[in-house]
Each structure stands twice: as structure tokens, then as C-alpha cells.
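Participant: Here you go, one structure.
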Amino acid sequence: MEFTLVAMQYRTLRLLLSPLLIPLSWLYSMVIFIRNKLFDWGVFSSAHYDFPVISIGNITVGGTGKTPHIEYLVQLISSDFKVATLSRGYKRKTKGWRKVEVNNTASEVGDEPLQIKRKFPEALVAVDAKRTRGIDNLRQQQPAPDVILLDDAYQHRKVSASLSILLIDYQRPIDKDHVMPWGDLREQAYEKRRAGIIIVTKCPKKLEPIEKRIFIKELNPYPYQKVFFTTYSYADLVPVFQDNKETLPRKQVKQLTKEKQVGVLLVTGIANPAPMKAFIRKKMGAEVTHLAFSDHHAFSKKDFSRIRKAYESMDSEVKFVITTEKDAMRFHKFCNIAGPLSEVMYYLPIRVKFLDKSDEKFNKQLIDYVRENKVHSFLHPKQSKGKS
């Protein structure tokens, strides 16, 4: 409700400012159009690789579910192949190439790469704003990865991904949006043409076939593009600080709400916490007090003190602190000062679920693609003609 109200206020403000924003949007569109054409024509060079480099990204500003989908791909591909992920490491305090280790902090490598590494310790995870250097360094690891997943690299055209997966938020279709700052698009909607696979994310769990057909018709994909629909499911609660502590089943919390007054302090630093808040209220039956921070917020000791005070002021018989998996990566630095709060602080993991059992078709397409394109020896990237 709160997020919806803020979104409505934002849209109203943008409508009022449209006489200023529309010309700026046209100017930005022209710059992006020229840039893309220069890459298309080979004036700007792109690095091409002789092994699978898969880009996962979006056109829309804001969260479309990249990290959960990358985790899905890592789990899928790593069963048969050596997989690596490469991100720029958004909001990290370090520079250049860095291989992510389980004991790193979010400030060193970024919250999302750290989340992936801790969930998949055997996977190669790295950060580097310069993707070509990052790919070269990953391929020098022993053993070298068979496939590299590029996080949020749809607009990073200095690397020519062998396969691009475009994520589109079901609630924010790109065909009804505009380029920034009038709208939320990073580039023109027709640039969806660069994607081989389109995944429509954050769909309702019960999406009728007619709703799918309408969405696909308005999206108007090209014949070579496969379109899939996914939604989110939540797993059991995981302790933020105590690694040796067992998970807390959501059903157990639900049962508690039938016997006692259960309160949850929800702490989030993500773009849209509304679905998670609604889930805790409706599916777990708990009363929710929400502390909302900005996306990718770097939590401080002052913030943690605020969380502790908010928790202590709650009047419920049973109390928990719940946060997102991404935010949990930024809370780990407080492990030595968490105190009693550490015993009741959990994160709620998100899982990707394909609608209508289409995961079988998607999984086969991805595995077949990697199998047909992987190599066993290091091959240097071929540079396309043109000037960088």
C-alpha cells in the first residue's frame, strides 16, 4: 500500500514535469540510438568470445529480478558445467577486478555477488566494472569456466554476449513505457531485438492463458525469441547471523500466529518491498512493522541501533526481525555487535518458479546451448572491426 502510494505520487510528479522531461527524454533517446547504431555498424568495437557468454539484464530501471534468475541459472548449469558469474559489484568500495570469496563483505564485492557466492560456494564469482578484463581473468582460472554469466550487462555492448536474456517486469511492460527521464526505460523498447530469450518476471502465480497471450501480443517479440513467464516463491526463514542455526519453517510461524500474537519487524533496502510485506501478512499471518531503507542501502551502526529500538518497542508476544537475502549480506558486518537480536533475525529467500511447467523447456534450451558452444581450451576474444 505504501509503495503503491509512493509510485502514484512519483507518476503524478512526472506527469506535472512532463513539459521538461519529454525534451530531455528525446535527447537521451537520440544519444542512446546513435550509440547502439555505432555498435551495430562496427564503428565501436565489441569483444566476441568462442565460448558461452550469457548476459542477463533488463531495459527497465529498477528491479526486475536479475539476482534470483542468475541464481536459477547457476544452479541449473553447474550440475553439468563449470559456471562463473561476473558483475560490476554495485556500490562496493573496491575497484577493478576481484574474485569473490565466501568471507568477503558486501562493501568489498557488492551484496548481490556475495549472495551468489555464499549460496553457491563452488561457483566462480567475480566483480569488475570492465567486463572484458573480468572475462579474461575468469578464463585464466583453473579450471576455466565453461560458461560465464554477465549480471546486468544488457546495455554493456563492449562485450558481445553469445546469448542475451532480457527480463521484463510483468507489472511494467516496456511497450507502455518511455525512455528516461520521462519514463523508466534505459533505452528504446525495440532494443529487445538483441535478446534471444525474454523472461517476463514477477507474474501473478495464477496467470490465465488469455493474459499471457495479451502480454505477448503487446510485447510483439521477434520470431527468433522465446518468451517465458516466471513468478516468485519464498523459502523457509534463514538466520542472518547464526550459520549453525537451523532454518525457521514458515509453517511454524503461521502456527504460532494461531496461538499467540506474532509481530515481525520487516527491514528492507530494496526497490519494491511491497510483495514481501504482503506475503508476511497474508501467508504467515503476522503483524508487520516496516523499516524501509533505500535500495542497496549501506547499513550503519546507527541504522542497526534504530532497528534494535524498533524491535524492542514492539508489543507482540513473539517477535522476529525479517529482512531480504540481499540485505542480509550487508548485515553480516554486525555479527560481533548483534547481541540478542541475532537470535531472532532472519532473511526470507526468494526462488524463481516458471509458470505452467515451462521450466523443462527453458532448462533444455539453456543446457543444450551451453553443451553445443562450450570449449575446453582458452581462446582469446576476437575483436570486431572498428574503433573503440
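Ordering of the C-alpha cells sets the chain letters (A, B, ...), residue numbers begin anew at 1 in every chain, and ligands are numbered from 1 in the order given.
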With a distance cut-off of 9 Å and only C-alpha atoms, select the neighbouring residues of segment 127-132 of chain A, excluding the residue or stretch itself and same-chain residues fewer than 6 positions from it, and output the selection as number ranges by chain.
Facilitator: A: 47, 85-90, 95-100, 109-110, 113, 150, 153, 156, 158-159, 381
Participant: Identify, on the basis of only C-alpha atoms, every residue whose closest approach to Pro273 of chain A does not exceed 9 Å; exclude the query and any residue fewer than 3 positions from it along the same chain; express the result as a ChimeraX atom specification.
Facilitator: /A:3,268-270,276-278,292,324
Participant: If you run DSSP on this backbone, which residues of segment 99-245 of chain A come out as helix (DSSP H, G or I), and could you give them as a PyMOL selection string?
Facilitator: chain A and resi 106-109+111-119+131-139+174-176+189-194+209-219
Participant: Taking the chain letters and numbering used in this document, name the residues of segment 22-144 of chain A that DSSP puts in strand (DSSP E), as a list of chain:residue names.
Facilitator: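 Going through segment 22-144 of chain A, the strand (DSSP E) residues come out as A:Ala47, A:His48, A:Val53, A:Ile54, A:Ser55, A:Ile56, A:Gly57, A:Asn58, A:Val83, A:Ala84, A:Thr85, A:Leu86, A:Ser87, A:Arg98, A:Lys99, A:Leu124, A:Val125, A:Ala126, A:Val127.
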Participant: Let me make sure I understand: among A:Asn220, A:Trp182, A:Val375, A:Arg157, which one has the smallest atom-to-atom distance to Phe44 of chain A if we use only C-alpha atoms?
Facilitator: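 Distance minimum relative to Phe44 of chain A lands on A:Arg157.
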Participant: Using only C-alpha atoms, which residues sit within 10 Å of segment 254-259 of chain A once same-chain residues fewer than 5 positions away are excluded, as JSON, numbers by chain?
Facilitator: {"A": [249, 280, 281, 282, 283, 284, 285, 286, 287, 317, 318]}
Participant: In terms of the shortest atom-to-atom distance over only C-alpha atoms, which of A:Pro349, A:Gly339, A:Pro145, A:Pro275 is closest to Tyr234 of chain A?
Facilitator: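 So, comparing all the options, the nearest one is A:Pro349.
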Participant: Please determine, counting only C-alpha atoms, which residue among A:Cys335, A:Gln365, A:Leu163, A:Phe229 has the shortest atom-to-atom distance to Glu211 of chain A.
Facilitator: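 The closest residue to Glu211 of chain A is A:Phe229.
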Participant: Identify which of the residues A:Lys364, A:Lys309, A:Lys93, A:Lys326 lies closest to Lys66 of chain A, counting only C-alpha atoms when measuring atom-to-atom distances.
Facilitator: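 Counting only C-alpha atoms, the residue closest to Lys66 of chain A is A:Lys326.
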Participant: Nearest to Ile168 of chain A among A:Asn58, A:Gln261, A:Ala144, A:Tyr224, with distances taken over only C-alpha atoms: which residue is it?
Facilitator: A:Asn58
Participant: For each of A:Lys319, A:Lys91, A:Arg118, A:Lys205, take the minimum atom-to-atom distance to Asp243 of chain A, counting only C-alpha atoms, then give the residue where this is smallest.
Facilitator: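 Checking each candidate against Asp243 of chain A, we get A:Arg118 as the closest.
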